[in-house]
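Asker: My structure file target.cif, mmCIF, C-alpha atoms, is below:
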data_input
#
loop_
_atom_site.label_atom_id
_atom_site.label_comp_id
_atom_site.auth_asym_id
_atom_site.auth_seq_id
_atom_site.Cartn_x
_atom_site.Cartn_y
_atom_site.Cartn_z
CA MET P 125 66.67 199.53 114.30
CA ARG P 126 68.64 197.27 116.63
CA VAL P 127 68.08 194.39 114.24
CA VAL P 128 69.34 196.48 111.31
CA LEU P 129 72.43 197.49 113.28
CA ALA P 130 73.08 193.90 114.21
CA VAL P 131 72.78 192.86 110.56
CA VAL P 132 75.09 195.68 109.49
CA ALA P 133 77.55 194.73 112.22
CA SER P 134 77.54 191.11 111.20
CA LEU P 135 77.96 192.12 107.58
CA LEU P 136 80.89 194.33 108.52
CA THR P 137 82.40 191.51 110.54
CA GLY P 138 81.86 189.22 107.59
CA CYS P 139 83.51 191.71 105.30
CA ALA P 140 86.39 192.15 107.69
CA THR P 141 86.90 188.40 107.78
CA THR P 142 86.89 187.96 104.02
CA ALA P 143 89.10 191.03 103.61
CA THR P 144 91.83 189.37 105.67
CA PRO P 145 94.44 188.58 103.06
CA SER P 146 94.36 184.87 102.22
CA TYR P 147 97.60 185.22 100.31
CA ASN P 148 100.57 187.56 100.13
CA ALA P 149 103.25 188.59 97.63
CA ALA P 150 105.40 185.58 98.53
CA ASP P 151 102.54 183.20 97.68
CA VAL P 152 102.03 184.90 94.32
CA MET P 153 105.75 184.85 93.58
CA PHE P 154 106.00 181.17 94.52
CA LEU P 155 103.22 180.18 92.12
CA GLN P 156 104.48 182.44 89.33
CA MET P 157 107.93 180.87 89.60
CA LEU P 158 106.86 177.26 90.09
CA VAL P 159 104.56 177.21 87.03
CA PRO P 160 107.42 177.70 84.51
CA GLN P 161 109.72 175.54 86.68
CA ASN P 162 107.19 172.70 86.41
CA GLN P 163 106.66 173.32 82.70
CA GLN P 164 110.36 172.99 82.00
CA GLY P 165 110.50 169.89 84.19
CA ILE P 166 107.76 168.36 82.03
CA GLU P 167 109.72 169.21 78.88
CA ILE P 168 112.75 167.43 80.33
CA VAL P 169 110.99 164.26 81.52
CA ARG P 170 109.22 163.90 78.17
CA LEU P 171 112.65 163.44 76.56
CA ALA P 172 113.04 160.11 78.38
CA ALA P 173 110.09 158.47 76.63
CA ALA P 174 111.92 157.82 73.35
CA ARG P 175 115.33 157.06 74.86
CA PRO P 176 117.04 153.89 76.14
CA VAL P 177 116.74 154.56 79.86
CA PRO P 178 116.01 151.97 82.59
CA PRO P 179 112.29 151.10 82.89
CA GLY P 180 112.15 152.41 86.46
CA LEU P 181 113.46 155.78 85.30
CA LYS P 182 110.96 155.90 82.44
CA GLU P 183 108.12 155.17 84.88
CA LEU P 184 109.35 157.88 87.28
CA ALA P 185 109.60 160.38 84.41
CA ALA P 186 106.03 159.63 83.33
CA ALA P 187 104.73 160.04 86.89
CA ILE P 188 106.61 163.33 87.30
CA GLU P 189 105.02 164.61 84.10
CA VAL P 190 101.42 164.01 85.17
CA THR P 191 101.82 165.06 88.80
CA GLN P 192 103.49 168.33 87.85
CA GLN P 193 100.73 169.02 85.30
CA THR P 194 98.16 168.68 88.11
CA GLU P 195 100.17 171.17 90.16
CA ILE P 196 100.28 173.60 87.22
CA ASP P 197 96.49 173.36 86.79
CA ASP P 198 95.98 174.05 90.52
CA MET P 199 98.41 176.98 90.56
CA ARG P 200 96.86 178.61 87.50
CA ARG P 201 93.42 178.31 89.07
CA TRP P 202 94.60 179.89 92.33
CA LEU P 203 96.28 182.78 90.50
CA ARG P 204 93.04 183.37 88.54
CA GLU P 205 91.01 183.34 91.75
CA TRP P 206 93.42 185.88 93.22
CA ASN P 207 93.29 188.04 90.08
CA GLN P 208 97.04 187.71 89.71
CA PRO P 209 98.90 187.29 86.42
CA GLU P 210 100.46 183.92 85.73
CA THR P 211 103.75 185.45 84.68
CA VAL P 212 105.73 188.56 85.48
CA ALA P 213 108.99 189.89 84.12
CA PRO P 214 111.85 187.60 85.23
CA GLN P 215 113.72 190.61 86.66
CA ALA P 216 110.97 191.03 89.23
CA HIS P 217 112.17 187.82 90.85
CA ALA P 218 115.81 188.85 90.99
CA GLY P 219 115.55 189.78 94.67
CA HIS P 220 114.16 186.35 95.43
CA GLY P 221 117.12 184.43 94.09
CA GLY P 222 116.18 184.79 90.45
CA MET P 223 114.24 182.39 88.30
CA LYS P 224 115.12 178.85 89.21
CA THR P 225 114.27 177.47 85.83
CA THR P 226 117.05 175.86 83.90
CA ALA P 227 118.19 177.81 80.85
CA PRO P 228 116.21 176.88 77.71
CA ASP P 229 119.32 175.59 75.96
CA LEU P 230 119.41 172.76 78.50
CA VAL P 231 116.40 171.04 76.98
CA GLY P 232 117.80 171.56 73.48
CA ALA P 233 121.19 170.21 74.52
CA LEU P 234 119.63 167.11 76.09
CA ARG P 235 117.62 166.52 72.94
CA THR P 236 120.79 166.23 70.85
CA VAL P 237 122.84 164.12 73.29
CA PRO P 238 123.67 160.68 71.79
CA ASP P 239 121.80 157.72 73.31
CA GLY P 240 124.94 156.42 75.01
CA GLU P 241 125.41 159.61 77.02
CA PHE P 242 121.74 160.39 77.50
CA PRO P 243 120.97 158.59 80.80
CA ARG P 244 123.82 160.30 82.72
CA ARG P 245 123.02 163.75 81.29
CA PHE P 246 119.29 163.28 81.79
CA LEU P 247 119.77 162.29 85.43
CA ASP P 248 121.98 165.28 86.18
CA VAL P 249 119.73 167.80 84.41
CA LEU P 250 116.53 166.46 85.97
CA THR P 251 118.11 166.25 89.43
CA GLY P 252 119.14 169.91 89.26
CA GLN P 253 115.74 170.89 87.89
CA GLN P 254 113.84 169.18 90.72
CA GLN P 255 116.18 170.53 93.39
CA GLY P 256 115.55 174.02 92.00
CA ALA P 257 111.86 173.48 92.79
CA VAL P 258 112.78 172.55 96.38
CA GLU P 259 114.60 175.88 96.68
CA LEU P 260 111.45 177.75 95.59
CA ALA P 261 109.30 175.78 98.03
CA GLN P 262 111.70 176.36 100.92
CA THR P 263 111.42 180.10 100.28
CA GLU P 264 107.61 179.84 100.34
CA ASN P 265 107.59 177.95 103.64
CA GLY P 266 110.56 179.78 105.17
CA PRO P 267 110.80 182.99 107.21
CA GLY P 268 108.96 185.85 105.50
CA GLY P 269 107.36 183.33 103.14
CA GLY P 270 103.78 182.73 102.09
CA VAL P 271 100.62 182.73 104.20
CA ASN P 272 98.16 180.92 101.94
CA ALA P 273 97.36 177.47 103.33
CA GLN P 274 96.95 175.84 99.91
CA ALA P 275 100.17 177.30 98.55
CA ARG P 276 102.09 176.35 101.68
CA ASP P 277 100.71 172.80 101.50
CA LEU P 278 101.79 172.64 97.86
CA ALA P 279 105.26 173.81 98.92
CA ARG P 280 105.40 171.01 101.50
CA ARG P 281 104.43 168.47 98.86
CA VAL P 282 107.01 169.89 96.45
CA ILE P 283 109.77 169.58 99.06
CA GLU P 284 108.77 166.01 99.94
CA SER P 285 108.10 164.72 96.43
CA ARG P 286 111.09 166.33 94.72
CA THR P 287 113.44 165.16 97.47
CA ALA P 288 112.10 161.61 97.06
CA GLU P 289 112.37 161.86 93.28
CA VAL P 290 115.99 163.02 93.57
CA LYS P 291 116.65 160.05 95.85
CA GLN P 292 115.43 157.73 93.09
CA LEU P 293 117.41 159.62 90.44
CA LEU P 294 120.63 159.44 92.46
CA ASN P 295 120.08 155.70 92.94
CA THR P 296 119.62 155.06 89.21
CA LYS P 297 122.57 153.23 87.69
CA THR P 298 123.85 154.45 84.33
CA MET A 56 127.49 196.64 98.95
CA THR A 57 127.26 200.26 100.13
CA TRP A 58 129.98 201.81 102.28
CA LYS A 59 127.65 201.67 105.27
CA ARG A 60 127.16 197.93 104.84
CA LYS A 61 130.87 197.48 104.30
CA LEU A 62 131.56 199.39 107.48
CA PHE A 63 129.01 197.32 109.35
CA ALA A 64 130.37 194.12 107.89
CA ALA A 65 133.90 195.12 108.83
CA ALA A 66 132.81 195.98 112.36
CA ALA A 67 130.76 192.84 112.65
CA GLY A 68 133.62 190.86 111.19
CA ALA A 69 135.97 192.16 113.81
CA LEU A 70 133.55 191.37 116.60
CA PHE A 71 131.87 188.20 115.39
CA ALA A 72 134.23 186.76 112.81
CA PRO A 73 133.24 183.10 113.35
CA VAL A 74 129.54 183.94 113.11
CA LEU A 75 130.04 185.97 109.93
CA VAL A 76 131.68 183.05 108.18
CA VAL A 77 128.58 180.98 108.80
CA VAL A 78 126.09 183.67 107.83
CA LEU A 79 127.60 185.06 104.64
CA PRO A 80 127.17 182.07 102.33
CA ALA A 81 123.49 181.69 103.15
CA THR A 82 122.75 185.20 101.91
CA SER A 83 124.83 185.17 98.73
CA ALA A 84 124.57 183.81 95.22
CA SER A 85 121.72 181.76 93.85
CA ALA A 86 124.15 179.46 92.08
CA HIS A 87 124.27 175.93 93.42
CA GLY A 88 125.88 172.69 92.42
CA TYR A 89 127.61 169.46 93.44
CA VAL A 90 129.20 166.32 92.08
CA SER A 91 126.57 163.63 91.43
CA ASP A 92 128.78 160.85 90.06
CA PRO A 93 130.96 159.35 91.36
CA PRO A 94 128.63 160.26 94.22
CA SER A 95 129.88 163.00 96.51
CA ARG A 96 129.12 162.77 100.22
CA GLN A 97 126.11 165.05 99.85
CA ALA A 98 124.90 162.93 96.90
CA ASN A 99 125.19 159.78 99.02
CA CYS A 100 123.19 161.55 101.73
CA ALA A 101 120.46 162.67 99.30
CA ALA A 102 120.37 159.17 97.81
CA GLY A 103 119.73 157.69 101.25
CA LYS A 104 122.91 155.60 101.14
CA VAL A 105 124.23 157.27 104.28
CA SER A 106 121.86 158.04 107.14
CA GLY A 107 121.91 160.73 109.79
CA CYS A 108 123.05 163.42 107.36
CA GLY A 109 120.82 166.23 108.63
CA SER A 110 119.44 168.95 106.37
CA ILE A 111 121.88 168.32 103.51
CA VAL A 112 119.46 165.71 102.08
CA TYR A 113 117.17 168.57 100.99
CA GLU A 114 119.90 170.68 99.43
CA PRO A 115 123.07 168.78 98.47
CA GLN A 116 123.73 171.66 96.06
CA SER A 117 124.16 174.20 98.87
CA VAL A 118 127.63 173.44 100.27
CA GLU A 119 128.81 176.99 99.63
CA GLY A 120 131.60 178.75 101.45
CA PRO A 121 134.39 181.25 100.92
CA LYS A 122 136.99 180.32 98.31
CA GLY A 123 140.13 178.58 99.49
CA LEU A 124 138.64 176.14 101.99
CA ARG A 125 139.71 172.49 102.06
CA SER A 126 136.80 171.11 104.08
CA CYS A 127 133.89 168.95 102.91
CA ASN A 128 131.20 171.21 104.37
CA GLY A 129 132.30 174.61 103.05
CA GLY A 130 132.73 175.73 106.65
CA LEU A 131 128.98 175.49 107.25
CA SER A 132 128.10 174.24 110.71
CA GLN A 133 124.67 173.02 109.53
CA PHE A 134 126.43 170.59 107.20
CA ALA A 135 129.01 169.38 109.75
CA GLU A 136 127.97 165.77 109.04
CA LEU A 137 129.89 165.96 105.74
CA THR A 138 133.17 166.27 107.65
CA ASP A 139 132.41 163.31 109.92
CA GLU A 140 135.08 160.76 108.96
CA SER A 141 133.48 158.15 111.22
CA LYS A 142 130.45 157.93 108.93
CA PRO A 143 130.44 154.92 106.56
CA TRP A 144 130.91 156.96 103.36
CA PRO A 145 130.75 154.59 100.38
CA ALA A 146 133.87 154.75 98.17
CA LYS A 147 133.08 154.04 94.53
CA PRO A 148 135.61 151.70 92.89
CA VAL A 149 137.27 153.52 89.98
CA GLY A 150 140.26 153.24 87.70
CA THR A 151 142.97 155.86 87.59
CA THR A 152 140.98 157.96 85.12
CA VAL A 153 137.77 159.27 86.65
CA THR A 154 134.97 161.31 85.07
CA PHE A 155 133.25 163.63 87.53
CA ASN A 156 129.67 164.69 86.70
CA TRP A 157 128.08 167.83 88.10
CA VAL A 158 124.50 168.79 88.94
CA PHE A 159 123.50 172.47 88.93
CA THR A 160 120.35 174.16 90.12
CA ALA A 161 121.63 177.48 88.82
CA ARG A 162 124.50 177.95 86.41
CA HIS A 163 126.63 180.82 87.54
CA SER A 164 129.62 182.39 85.83
CA THR A 165 132.62 180.34 86.79
CA SER A 166 136.21 181.14 87.63
CA ASN A 167 137.40 177.54 87.53
CA TYR A 168 136.99 174.01 88.88
CA GLU A 169 139.66 172.45 91.07
CA TYR A 170 140.22 168.90 92.28
CA TYR A 171 142.31 168.21 95.37
CA VAL A 172 143.58 165.03 97.00
CA GLY A 173 144.80 166.06 100.40
CA GLY A 174 146.88 169.21 99.89
CA THR A 175 147.66 168.40 96.26
CA ARG A 176 145.73 169.95 93.41
CA VAL A 177 145.43 167.09 90.93
CA ALA A 178 143.41 168.94 88.27
CA VAL A 179 142.07 172.37 87.34
CA PHE A 180 139.62 173.30 84.59
CA ALA A 181 139.08 176.87 83.39
CA GLY A 182 135.61 178.39 83.67
CA ASN A 183 136.47 181.49 81.57
CA ASN A 184 134.07 183.59 83.65
CA GLN A 185 131.21 181.95 81.79
CA GLN A 186 128.19 179.90 82.76
CA PRO A 187 128.85 176.18 82.97
CA PRO A 188 127.70 174.34 79.83
CA PRO A 189 124.26 172.66 79.94
CA THR A 190 125.83 169.49 81.29
CA LEU A 191 129.30 169.24 82.73
CA SER A 192 131.82 166.50 83.34
CA HIS A 193 135.57 166.54 83.93
CA THR A 194 137.97 163.68 83.35
CA VAL A 195 140.68 163.64 86.01
CA ASN A 196 143.83 161.53 85.97
CA LEU A 197 144.49 159.98 89.38
CA ALA A 198 147.62 158.06 88.33
CA GLY A 199 149.88 157.60 91.33
CA TYR A 200 147.00 157.08 93.73
CA SER A 201 145.64 153.74 94.82
CA GLY A 202 143.28 152.49 97.49
CA ARG A 203 140.83 154.70 99.30
CA ILE A 204 141.18 158.43 98.71
CA LYS A 205 139.03 161.52 99.26
CA VAL A 206 138.80 163.96 96.36
CA LEU A 207 137.66 167.52 97.08
CA ALA A 208 135.96 169.01 94.02
CA ILE A 209 135.63 172.79 94.09
CA TRP A 210 133.49 175.03 91.87
CA ASN A 211 134.89 178.57 92.15
CA ILE A 212 132.32 181.22 91.25
CA ALA A 213 133.56 184.15 89.16
CA ASP A 214 131.51 187.04 90.51
CA THR A 215 131.26 186.18 94.19
CA ALA A 216 133.83 185.40 96.87
CA ASN A 217 132.40 181.91 97.21
CA ALA A 218 132.89 178.38 96.01
CA PHE A 219 130.90 175.15 96.16
CA TYR A 220 132.50 172.09 97.71
CA SER A 221 131.97 168.36 97.11
CA CYS A 222 133.97 165.60 98.79
CA VAL A 223 134.04 162.39 96.74
CA ASP A 224 135.27 159.15 98.34
CA LEU A 225 136.88 156.77 95.87
CA GLN A 226 138.52 153.36 95.84
CA VAL A 227 141.19 153.80 93.18
CA GLY A 228 142.17 150.65 91.33
CA GLY A 229 138.88 148.99 92.14
CA GLY A 230 137.43 149.19 88.66
CA GLY A 231 137.98 150.43 85.13
CA THR A 232 141.53 149.08 84.97
CA PRO A 233 142.52 145.66 86.34
CA PRO A 234 144.07 146.08 89.77
CA PRO A 235 147.64 144.87 90.32
CA THR A 236 147.84 141.39 91.83
CA THR A 237 149.32 142.82 94.99
CA THR A 238 146.29 145.01 95.61
CA PRO A 239 143.79 143.49 98.02
CA PRO A 240 140.24 143.12 96.65
CA PRO A 241 138.48 146.48 96.74
CA THR A 242 135.73 147.05 99.22
CA THR A 243 132.77 147.31 96.91
CA THR A 244 129.83 149.50 97.67
CA PRO A 245 126.78 147.39 98.49
CA PRO A 246 123.90 148.03 96.09
CA PRO A 247 121.25 150.34 97.54
CA THR A 248 118.57 148.41 99.35
CA THR A 249 115.44 148.65 97.32
CA THR A 250 112.57 150.22 99.18
CA THR A 251 109.85 148.98 96.87
CA THR A 252 107.52 146.31 98.16
CA THR A 253 104.57 144.42 96.79
CA PRO A 254 101.32 146.16 97.72
CA PRO A 255 98.88 144.20 99.84
CA THR A 256 95.51 143.98 98.15
CA GLY A 257 93.30 146.80 99.33
CA GLY A 258 95.95 147.95 101.79
CA THR A 259 96.69 151.42 103.05
CA TRP A 260 98.65 153.70 100.72
CA ALA A 261 102.31 153.70 101.69
CA ALA A 262 105.32 155.60 100.37
CA GLY A 263 107.97 153.30 98.91
CA THR A 264 105.42 150.89 97.46
CA ALA A 265 105.49 150.12 93.74
CA TYR A 266 101.88 150.35 92.50
CA LYS A 267 100.62 149.16 89.15
CA ALA A 268 97.52 150.26 87.33
CA GLY A 269 94.45 148.72 88.90
CA ASP A 270 95.86 148.45 92.44
CA VAL A 271 93.37 149.69 95.03
CA VAL A 272 94.41 151.40 98.27
CA THR A 273 92.77 153.27 101.08
CA TYR A 274 93.92 156.69 102.21
CA GLY A 275 92.23 159.01 104.68
CA GLY A 276 89.18 156.75 104.84
CA ALA A 277 88.62 156.79 101.06
CA SER A 278 89.40 154.21 98.42
CA TYR A 279 91.57 154.94 95.36
CA ARG A 280 92.46 152.96 92.22
CA CYS A 281 95.90 153.40 90.67
CA ILE A 282 95.63 154.58 87.06
CA GLN A 283 99.35 155.00 86.26
CA PRO A 284 102.17 152.75 87.52
CA HIS A 285 104.60 154.44 89.90
CA THR A 286 106.49 154.05 93.14
CA ALA A 287 104.66 156.01 95.84
CA ILE A 288 106.54 158.84 97.54
CA ALA A 289 105.71 161.38 100.22
CA GLY A 290 103.96 164.34 98.59
CA TRP A 291 102.16 162.08 96.11
CA GLU A 292 99.32 161.11 98.44
CA PRO A 293 96.27 159.93 96.42
CA PRO A 294 94.03 162.97 97.12
CA ASN A 295 96.76 165.27 95.71
CA THR A 296 97.59 163.20 92.62
CA PRO A 297 94.40 162.60 90.60
CA ALA A 298 96.59 161.77 87.60
CA LEU A 299 97.94 158.74 89.49
CA TRP A 300 94.91 157.81 91.61
CA GLN A 301 91.20 157.75 90.86
CA ARG A 302 88.91 158.03 93.85
CA GLN A 303 86.43 155.15 93.98
#
When written as structure tokens, how does the structure in this file appear?

Answerer:
Amino acid sequence: MRVVLAVVASLLTGCATTATPSYNAADVMFLQMLVPQNQQGIEIVRLAAARPVPPGLKELAAAIEVTQQTEIDDMRRWLREWNQPETVAPQAHAGHGGMKTTAPDLVGALRTVPDGEFPRRFLDVLTGQQQGAVELAQTENGPGGGVNAQARDLARRVIESRTAEVKQLLNTKT
Amino acid sequence: MTWKRKLFAAAAGALFAPVLVVVLPATSASAHGYVSDPPSRQANCAAGKVSGCGSIVYEPQSVEGPKGLRSCNGGLSQFAELTDESKPWPAKPVGTTVTFNWVFTARHSTSNYEYYVGGTRVAVFAGNNQQPPPTLSHTVNLAGYSGRIKVLAIWNIADTANAFYSCVDLQVGGGGTPPPTTTPPPTTTPPPTTTTTTPPTGGTWAAGTAYKAGDVVTYGGASYRCIQPHTAIAGWEPPNTPALWQRQ
């Protein structure tokens, strides 16, 4: 009987431990907002491949594309593990500063910019796009933000990498 | 804002007016933006061309304050560095016609854009209470100015009481049009020091290093081979970037 009780107790303890929330609404919101932010960033950097931009910028754009795809894969997996949808209605994020993604017409507008103007426009659009991701990550790691260790580590990496990317973008001569 | 909040704000304003000025912008609109080229002070900070800038390097787009200010930091104490005239702000050499380019992280309906030199408004562009276009630049005539000047570019938001501020240091007559013979040579901005270095064979991964495919590094006790050329940055550590690094 004592043994049974001990087993039950340990099971209950175990349950209590696993029931401790490993994520909160802020974590979910962060991932749901960063997935489309990253997707649009990928759309933007892909535009550089066929344009006359400096080789260093082309290399940075290609690296941004693949690193952000890895982040998207991770975020989708976490949301699945948490049984959370990948997307919610954009209005649901209004109280959190709204969706940080650039309006869709931005990508279309960049696509039609003449080659001569492209580098300057590309730099400014991509800089704004990446700084929007920093804003999302600062919310995740700020007061009242997320609690999930993986999501918070991702937010740290987003802040560091995007800030360093912006540094390279702002140092690119056009 | 409900009447209760208005009442509280009014009371708080009366009691803690200086504090309120600092707090309000941080809680308002999601719109953000700044002048990227010629580089504004916050752009020079984010580009690493000026050091000791504080937190502005993470958010050069956030210099937001009440409309009508003439300061470089939007009245925000956390961005006081932007008003520090003793800092070595680079002044881009320009002709008398200058095109200012903006970066936005959110495009908010706009009242107008203003450009000031000292107390003089040298240009204004209507925003028509609409979102800024996908990309935005303004061409401003600075005829009558020469030498080093500080331009304050202001983005006035239509549906909030706030504006975004960018101070842009310029050396007028230093480029674009040939300077008069009487003008001393312009102080040119030194090119940014490149942070890329050649990787030591089998060395430890380091941010700022330009890696090419096939380079091998160690990180956290493991060995990784570069599979896509890139310049390493913080946040792109090999274990987190399997698209750039293959663990050996």

Asker: Given the PyMOL selection byres ((chain P and resi 250) around 10) and the file above, list the residues it selects as a ChimeraX atom specification.

Answerer: /P:164-166,168-169,185,226,245-249,251-256,289-290,293 /A:158-160

Asker: Neighbours of Val237 in chain P within 12 Å (all atoms listed in the file; same-chain residues fewer than 6 positions away dropped), as a ChimeraX atom specification?

Answerer: /P:171-172,175,230-231,243-246 /A:189-190

Asker: From the list A:Asn211, A:Asn184, A:Ser132, A:Ser192, which residue is nearest chain P when using all atoms listed in the file?

Answerer: A:Ser192

Asker: Between CA of Val118 in chain A and CA of Gln97 in chain A, measure the distance and give it in Å to one decimal.

Answerer: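 Separation between CA of Val118 in chain A and CA of Gln97 in chain A: 8.5 Å.
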
Asker: Please return as a ChimeraX atom specification every residue within 10 Å of (97.1, 177.7, 99.9), taking into account all atoms listed in the file and the file's own coordinates.

Answerer: /P:146-147,151,199,202,270-279

Asker: Compile the residues of chain A that lie within 9 Å of chain P, evaluated using only C-alpha atoms, and express the compilation as a PDB file with C-alpha atoms, keeping the file's coordinate frame.

Answerer:
ATOM      1  CA  ALA A  84     124.570 183.810  95.220  1.00  0.00           C
ATOM      2  CA  SER A  85     121.720 181.760  93.850  1.00  0.00           C
ATOM      3  CA  ALA A  86     124.150 179.460  92.080  1.00  0.00           C
ATOM      4  CA  HIS A  87     124.270 175.930  93.420  1.00  0.00           C
ATOM      5  CA  GLY A  88     125.880 172.690  92.420  1.00  0.00           C
ATOM      6  CA  SER A  91     126.570 163.630  91.430  1.00  0.00           C
ATOM      7  CA  ASP A  92     128.780 160.850  90.060  1.00  0.00           C
ATOM      8  CA  PRO A  94     128.630 160.260  94.220  1.00  0.00           C
ATOM      9  CA  ALA A  98     124.900 162.930  96.900  1.00  0.00           C
ATOM     10  CA  ASN A  99     125.190 159.780  99.020  1.00  0.00           C
ATOM     11  CA  CYS A 100     123.190 161.550 101.730  1.00  0.00           C
ATOM     12  CA  ALA A 101     120.460 162.670  99.300  1.00  0.00           C
ATOM     13  CA  ALA A 102     120.370 159.170  97.810  1.00  0.00           C
ATOM     14  CA  GLY A 103     119.730 157.690 101.250  1.00  0.00           C
ATOM     15  CA  LYS A 104     122.910 155.600 101.140  1.00  0.00           C
ATOM     16  CA  VAL A 112     119.460 165.710 102.080  1.00  0.00           C
ATOM     17  CA  TYR A 113     117.170 168.570 100.990  1.00  0.00           C
ATOM     18  CA  GLU A 114     119.900 170.680  99.430  1.00  0.00           C
ATOM     19  CA  PRO A 115     123.070 168.780  98.470  1.00  0.00           C
ATOM     20  CA  GLN A 116     123.730 171.660  96.060  1.00  0.00           C
ATOM     21  CA  ASN A 156     129.670 164.690  86.700  1.00  0.00           C
ATOM     22  CA  TRP A 157     128.080 167.830  88.100  1.00  0.00           C
ATOM     23  CA  VAL A 158     124.500 168.790  88.940  1.00  0.00           C
ATOM     24  CA  PHE A 159     123.500 172.470  88.930  1.00  0.00           C
ATOM     25  CA  THR A 160     120.350 174.160  90.120  1.00  0.00           C
ATOM     26  CA  ALA A 161     121.630 177.480  88.820  1.00  0.00           C
ATOM     27  CA  ARG A 162     124.500 177.950  86.410  1.00  0.00           C
ATOM     28  CA  PRO A 188     127.700 174.340  79.830  1.00  0.00           C
ATOM     29  CA  PRO A 189     124.260 172.660  79.940  1.00  0.00           C
ATOM     30  CA  THR A 190     125.830 169.490  81.290  1.00  0.00           C
ATOM     31  CA  LEU A 191     129.300 169.240  82.730  1.00  0.00           C
ATOM     32  CA  PRO A 247     121.250 150.340  97.540  1.00  0.00           C
ATOM     33  CA  GLN A 283      99.350 155.000  86.260  1.00  0.00           C
ATOM     34  CA  PRO A 284     102.170 152.750  87.520  1.00  0.00           C
ATOM     35  CA  HIS A 285     104.600 154.440  89.900  1.00  0.00           C
ATOM     36  CA  THR A 286     106.490 154.050  93.140  1.00  0.00           C
ATOM     37  CA  ILE A 288     106.540 158.840  97.540  1.00  0.00           C
ATOM     38  CA  ALA A 289     105.710 161.380 100.220  1.00  0.00           C
ATOM     39  CA  GLY A 290     103.960 164.340  98.590  1.00  0.00           C
ATOM     40  CA  TRP A 291     102.160 162.080  96.110  1.00  0.00           C
ATOM     41  CA  GLU A 292      99.320 161.110  98.440  1.00  0.00           C
ATOM     42  CA  ASN A 295      96.760 165.270  95.710  1.00  0.00           C
ATOM     43  CA  THR A 296      97.590 163.200  92.620  1.00  0.00           C
ATOM     44  CA  PRO A 297      94.400 162.600  90.600  1.00  0.00           C
ATOM     45  CA  ALA A 298      96.590 161.770  87.600  1.00  0.00           C
ATOM     46  CA  LEU A 299      97.940 158.740  89.490  1.00  0.00           C
TER      47      LEU A 299
END

Asker: Which residues would end up in the selection if the PyMOL selection byres ((chain A and resi 124) around 12) were applied here, given that I need the answer as a PyMOL selection string?

Answerer: chain A and resi 76+118-123+125-131+169+171+173-174+207-211+216-222

Asker: Applied to the shown file, which residues does the PyMOL selection byres ((chain A and resi 261) around 10) return, written as a PDB file with C-alpha atoms, in the coordinates of the input?

Answerer:
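Done, and the output landed in part.pdb:
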ATOM      1  CA  THR A 252     107.520 146.310  98.160  1.00  0.00           C
ATOM      2  CA  PRO A 254     101.320 146.160  97.720  1.00  0.00           C
ATOM      3  CA  GLY A 258      95.950 147.950 101.790  1.00  0.00           C
ATOM      4  CA  THR A 259      96.690 151.420 103.050  1.00  0.00           C
ATOM      5  CA  TRP A 260      98.650 153.700 100.720  1.00  0.00           C
ATOM      6  CA  ALA A 262     105.320 155.600 100.370  1.00  0.00           C
ATOM      7  CA  GLY A 263     107.970 153.300  98.910  1.00  0.00           C
ATOM      8  CA  THR A 264     105.420 150.890  97.460  1.00  0.00           C
ATOM      9  CA  ALA A 265     105.490 150.120  93.740  1.00  0.00           C
ATOM     10  CA  TYR A 266     101.880 150.350  92.500  1.00  0.00           C
ATOM     11  CA  VAL A 272      94.410 151.400  98.270  1.00  0.00           C
ATOM     12  CA  THR A 273      92.770 153.270 101.080  1.00  0.00           C
ATOM     13  CA  TYR A 274      93.920 156.690 102.210  1.00  0.00           C
ATOM     14  CA  THR A 286     106.490 154.050  93.140  1.00  0.00           C
ATOM     15  CA  ALA A 287     104.660 156.010  95.840  1.00  0.00           C
ATOM     16  CA  ILE A 288     106.540 158.840  97.540  1.00  0.00           C
ATOM     17  CA  ALA A 289     105.710 161.380 100.220  1.00  0.00           C
ATOM     18  CA  GLU A 292      99.320 161.110  98.440  1.00  0.00           C
TER      19      GLU A 292
END

Asker: What gap, in Å, lies between CA of Lys205 in chain A and CA of Gly240 in chain P?

Answerer: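 CA of Gly240 in chain P lies at a distance of 28.5 Å from CA of Lys205 in chain A.
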